[in-house]
$ cat upload.txt   # compact mmCIF, C-alpha atoms
# COMPACT_ATOMS: atom_id res chain seq x y z
CA MET A 1 -16.42 19.26 30.54
CA SER A 2 -12.71 18.60 30.01
CA VAL A 3 -10.16 20.89 28.39
CA GLU A 4 -8.26 19.75 25.28
CA LEU A 5 -5.00 21.41 24.23
CA HIS A 6 -2.87 20.66 21.16
CA ASN A 7 0.74 21.61 20.47
CA ASP A 8 2.90 20.73 17.51
CA ILE A 9 6.59 21.25 16.76
CA LEU A 10 9.24 20.08 14.32
CA ILE A 11 12.23 18.48 16.05
CA GLU A 12 15.36 17.83 14.01
CA ARG A 13 15.91 14.35 15.37
CA PRO A 14 14.71 10.91 14.19
CA PRO A 15 11.32 9.74 15.51
CA GLN A 16 12.84 6.89 17.54
CA ALA A 17 15.18 9.28 19.39
CA VAL A 18 12.27 11.63 20.18
CA PHE A 19 10.01 8.75 21.22
CA ASP A 20 12.67 7.20 23.47
CA TYR A 21 13.20 10.50 25.27
CA VAL A 22 9.61 11.72 25.73
CA THR A 23 8.40 8.34 27.01
CA GLN A 24 10.74 8.58 30.02
CA PRO A 25 8.58 10.44 32.58
CA TRP A 26 11.53 10.65 34.97
CA ARG A 27 13.09 13.05 32.45
CA TRP A 28 10.02 15.27 31.86
CA HIS A 29 11.33 17.82 34.37
CA GLU A 30 14.22 18.47 31.96
CA TRP A 31 11.85 20.09 29.46
CA HIS A 32 8.38 20.56 30.97
CA PRO A 33 8.01 23.48 33.43
CA SER A 34 5.14 21.82 35.36
CA SER A 35 7.01 18.58 36.02
CA LEU A 36 8.93 18.44 39.28
CA TRP A 37 9.76 14.73 39.47
CA GLY A 38 8.89 11.38 37.89
CA ASN A 39 9.79 7.94 39.15
CA ASP A 40 12.14 5.76 37.12
CA PRO A 41 10.95 2.13 37.00
CA GLY A 42 14.30 1.04 35.53
CA HIS A 43 12.89 0.00 32.14
CA ALA A 44 10.80 1.30 29.23
CA LEU A 45 7.15 1.57 30.24
CA ALA A 46 4.75 -0.90 28.62
CA VAL A 47 0.99 -0.63 28.14
CA GLY A 48 -0.77 -1.17 31.46
CA GLU A 49 2.20 -0.13 33.62
CA HIS A 50 1.97 2.66 36.18
CA PHE A 51 4.28 5.52 37.12
CA ASP A 52 4.14 8.55 39.37
CA GLU A 53 4.89 12.21 38.82
CA ARG A 54 4.84 15.34 40.96
CA ILE A 55 3.61 18.46 39.20
CA MET A 56 3.19 22.11 40.06
CA VAL A 57 0.79 24.50 38.37
CA GLN A 58 0.58 28.22 38.91
CA PRO A 59 -2.74 29.49 37.51
CA LEU A 60 -2.00 33.16 38.36
CA ALA A 61 1.67 33.12 37.32
CA PRO A 62 3.84 34.88 38.20
CA LEU A 63 1.76 35.32 41.36
CA PRO A 64 1.05 32.56 43.88
CA PRO A 65 -0.67 30.21 44.50
CA ARG A 66 1.41 27.27 43.41
CA ILE A 67 -0.61 24.08 43.36
CA ARG A 68 1.37 20.87 43.78
CA ARG A 69 -0.13 17.51 42.91
CA ALA A 70 0.91 13.87 42.92
CA VAL A 71 -0.25 12.13 39.75
CA ARG A 72 -0.56 8.37 39.27
CA TYR A 73 -0.49 7.40 35.58
CA GLN A 74 -1.20 4.30 33.58
CA VAL A 75 0.24 3.82 30.09
CA LEU A 76 -2.68 3.36 27.68
CA ALA A 77 -0.85 2.99 24.37
CA SER A 78 2.71 2.52 23.16
CA GLU A 79 3.47 2.06 19.47
CA PRO A 80 7.15 2.99 19.03
CA PRO A 81 8.12 5.33 17.49
CA LEU A 82 4.78 6.86 16.50
CA LEU A 83 2.35 6.93 19.45
CA TRP A 84 2.36 6.99 23.24
CA GLU A 85 -0.55 7.76 25.56
CA THR A 86 -1.03 7.85 29.31
CA ARG A 87 -3.77 8.86 31.75
CA GLY A 88 -3.15 10.25 35.20
CA GLU A 89 -5.36 10.58 38.24
CA MET A 90 -4.79 13.12 41.02
CA ALA A 91 -6.66 14.76 43.85
CA ASN A 92 -9.45 16.87 42.33
CA GLY A 93 -8.77 15.93 38.74
CA TRP A 94 -7.28 13.88 35.93
CA LEU A 95 -5.17 14.38 32.83
CA GLN A 96 -4.44 12.46 29.67
CA ILE A 97 -1.36 12.98 27.50
CA ARG A 98 -1.00 11.70 23.93
CA TYR A 99 2.20 11.96 21.89
CA GLN A 100 1.98 11.43 18.14
CA LEU A 101 5.15 11.44 16.05
CA LYS A 102 5.43 11.61 12.27
CA ILE A 103 8.47 11.34 10.05
CA ALA A 104 9.32 14.72 8.52
CA SER A 105 11.86 15.54 5.82
CA ASN A 106 14.28 16.94 8.39
CA GLY A 107 13.30 15.13 11.58
CA THR A 108 10.10 14.48 13.50
CA ARG A 109 6.78 16.28 13.62
CA PHE A 110 5.87 15.98 17.32
CA HIS A 111 2.26 16.50 18.39
CA ARG A 112 1.25 16.65 22.05
CA GLN A 113 -2.39 16.50 23.10
CA LEU A 114 -3.29 17.25 26.70
CA ASN A 115 -6.77 16.68 28.06
CA PHE A 116 -7.56 17.53 31.65
CA ASP A 117 -10.31 18.37 34.08
CA VAL A 118 -10.46 19.53 37.66
CA SER A 119 -13.16 19.24 40.29
CA GLY A 120 -14.01 20.72 43.65
CA PRO A 121 -12.74 24.23 44.44
CA LEU A 122 -10.20 24.03 41.58
CA ARG A 123 -13.10 24.10 39.12
CA LEU A 124 -13.37 27.85 39.84
CA LEU A 125 -9.81 28.27 38.57
CA ARG A 126 -10.31 26.19 35.41
CA PRO A 127 -10.35 29.17 32.98
CA LEU A 128 -7.09 30.45 34.50
CA LEU A 129 -5.59 26.95 34.54
CA THR A 130 -6.51 26.52 30.88
CA ARG A 131 -4.88 29.78 29.79
CA ARG A 132 -1.78 29.08 31.85
CA GLN A 133 -1.52 25.49 30.62
CA GLN A 134 -1.73 26.68 27.00
CA ALA A 135 1.27 28.93 27.61
CA VAL A 136 3.21 26.30 29.58
CA SER A 137 2.58 23.65 26.91
CA ALA A 138 4.05 25.90 24.22
CA ILE A 139 7.09 26.59 26.41
CA ALA A 140 7.46 22.86 27.10
CA LEU A 141 7.62 21.93 23.42
CA THR A 142 10.09 24.71 22.66
CA GLN A 143 12.28 23.45 25.51
CA LEU A 144 11.88 19.84 24.35
CA LYS A 145 13.09 20.84 20.89
CA GLY A 146 16.08 22.62 22.43
CA VAL A 147 17.04 19.68 24.64
CA LEU A 148 16.74 17.12 21.86
CA GLU A 149 18.48 19.16 19.18
CA SER A 150 21.36 20.19 21.45
CA SER A 151 22.19 16.67 22.61
CA ALA A 152 23.11 13.68 20.51
CA ASP A 153 22.42 11.31 23.41
CA THR A 154 19.03 11.86 25.05
CA GLY A 155 17.81 8.29 25.06
CA GLY A 156 19.93 7.13 27.96
CA ARG A 157 18.93 6.91 31.57
CA ALA A 158 19.56 9.94 33.77
$ encode --input "upload.txt" --output "structure tokens"
Amino acid sequence: MSVELHNDILIERPPQAVFDYVTQPWRWHEWHPSSLWGNDPGHALAVGEHFDERIMVQPLAPLPPRIRRAVRYQVLASEPPLLWETRGEMANGWLQIRYQLKIASNGTRFHRQLNFDVSGPLRLLRPLLTRRQQAVSAIALTQLKGVLESSADTGGRA
């Protein structure tokens, strides 16, 4: 049985600016605490394309262990500036991320849905991973809001 987490935040930037930034996985480390690195293919990712990311989760934070994983994603949906979805496979698990954006009176209502599951020995840590991921997801969206609202130019390549 997979875990499903939802987070929602108002970002005072236009939907296209938010979409352009969050669909650059090579920039996720700038706002998401679990993201260590993402490869930059040199262009906007289209449906069917793949990309890689390195993540780190810490189910007993602030205590070790730190679990590092390489994730291979495929873009499932891209409907600028309103929807983007990707699914990633990794050792002992998978994850799926869906971004939905809606025009708000003073910016963009950004909704992030994360589904994931783990197998093997990690399955024993799933309750801890779920609690930790709920906290990290909330932190990530708060940081995303801060990055986007503090910079007028977040759509460029880093």
$ closest_residue --input "upload.txt" --among "A:Ile9, A:Ala61, A:Val136, A:Ala44" --to "Tyr21 (chain A)" --atoms "only C-alpha atoms"
A:Ala44
$ residues_around --input "upload.txt" --residues "Ile97 (chain A)" --least-positions-apart "5" --cutoff "7 Å" --atoms "all atoms listed in the file" --output "number ranges by chain"
A: 85-87, 113-115
$ atom_distance --input "upload.txt" --atom1 "CA of Glu79 (chain A)" --atom2 "CA of Ala91 (chain A)"
29.3 Å
$ residues_around --input "upload.txt" --residues "Ala104 (chain A)" --least-positions-apart "5" --cutoff "9 Å" --atoms "all atoms listed in the file" --output "PDB file with C-alpha atoms, in the frame of the given file"
ATOM      1  CA  LEU A  10       9.240  20.080  14.320  1.00  0.00           C
ATOM      2  CA  ILE A  11      12.230  18.480  16.050  1.00  0.00           C
ATOM      3  CA  GLU A  12      15.360  17.830  14.010  1.00  0.00           C
ATOM      4  CA  PRO A  14      14.710  10.910  14.190  1.00  0.00           C
ATOM      5  CA  PRO A  15      11.320   9.740  15.510  1.00  0.00           C
ATOM      6  CA  ARG A 109       6.780  16.280  13.620  1.00  0.00           C
TER       7      ARG A 109
END
$ residues_near_point --input "upload.txt" --point "(5.4, 25.2, 37.7)" --cutoff "12 Å" --atoms "all atoms listed in the file" --output "PyMOL selection string"
chain A and resi 29+31-37+54-69+129+132-133+135-137+139-140
$ closest_residue --input "upload.txt" --among "A:Pro25, A:Tyr99, A:Gly107, A:Met90" --to "Leu148 (chain A)" --atoms "all atoms listed in the file"
A:Gly107
$ closest_residue --input "upload.txt" --among "A:Leu101, A:Val71, A:Leu76, A:Leu5" --to "Asp20 (chain A)" --atoms "all atoms listed in the file"
A:Leu101
$ closest_residue --input "upload.txt" --among "A:Asn92, A:Gln134, A:Ser151, A:Thr142" --to "Phe110 (chain A)" --atoms "all atoms listed in the file"
A:Thr142
$ residues_around --input "upload.txt" --residues "region 38-41 of chain A" --least-positions-apart "5" --cutoff "8 Å" --atoms "all atoms listed in the file" --output "list of chain:residue names"
A:Gln24, A:Pro25, A:Trp26, A:Arg27, A:Trp28, A:His29, A:Phe51, A:Asp52, A:Glu53, A:Arg54
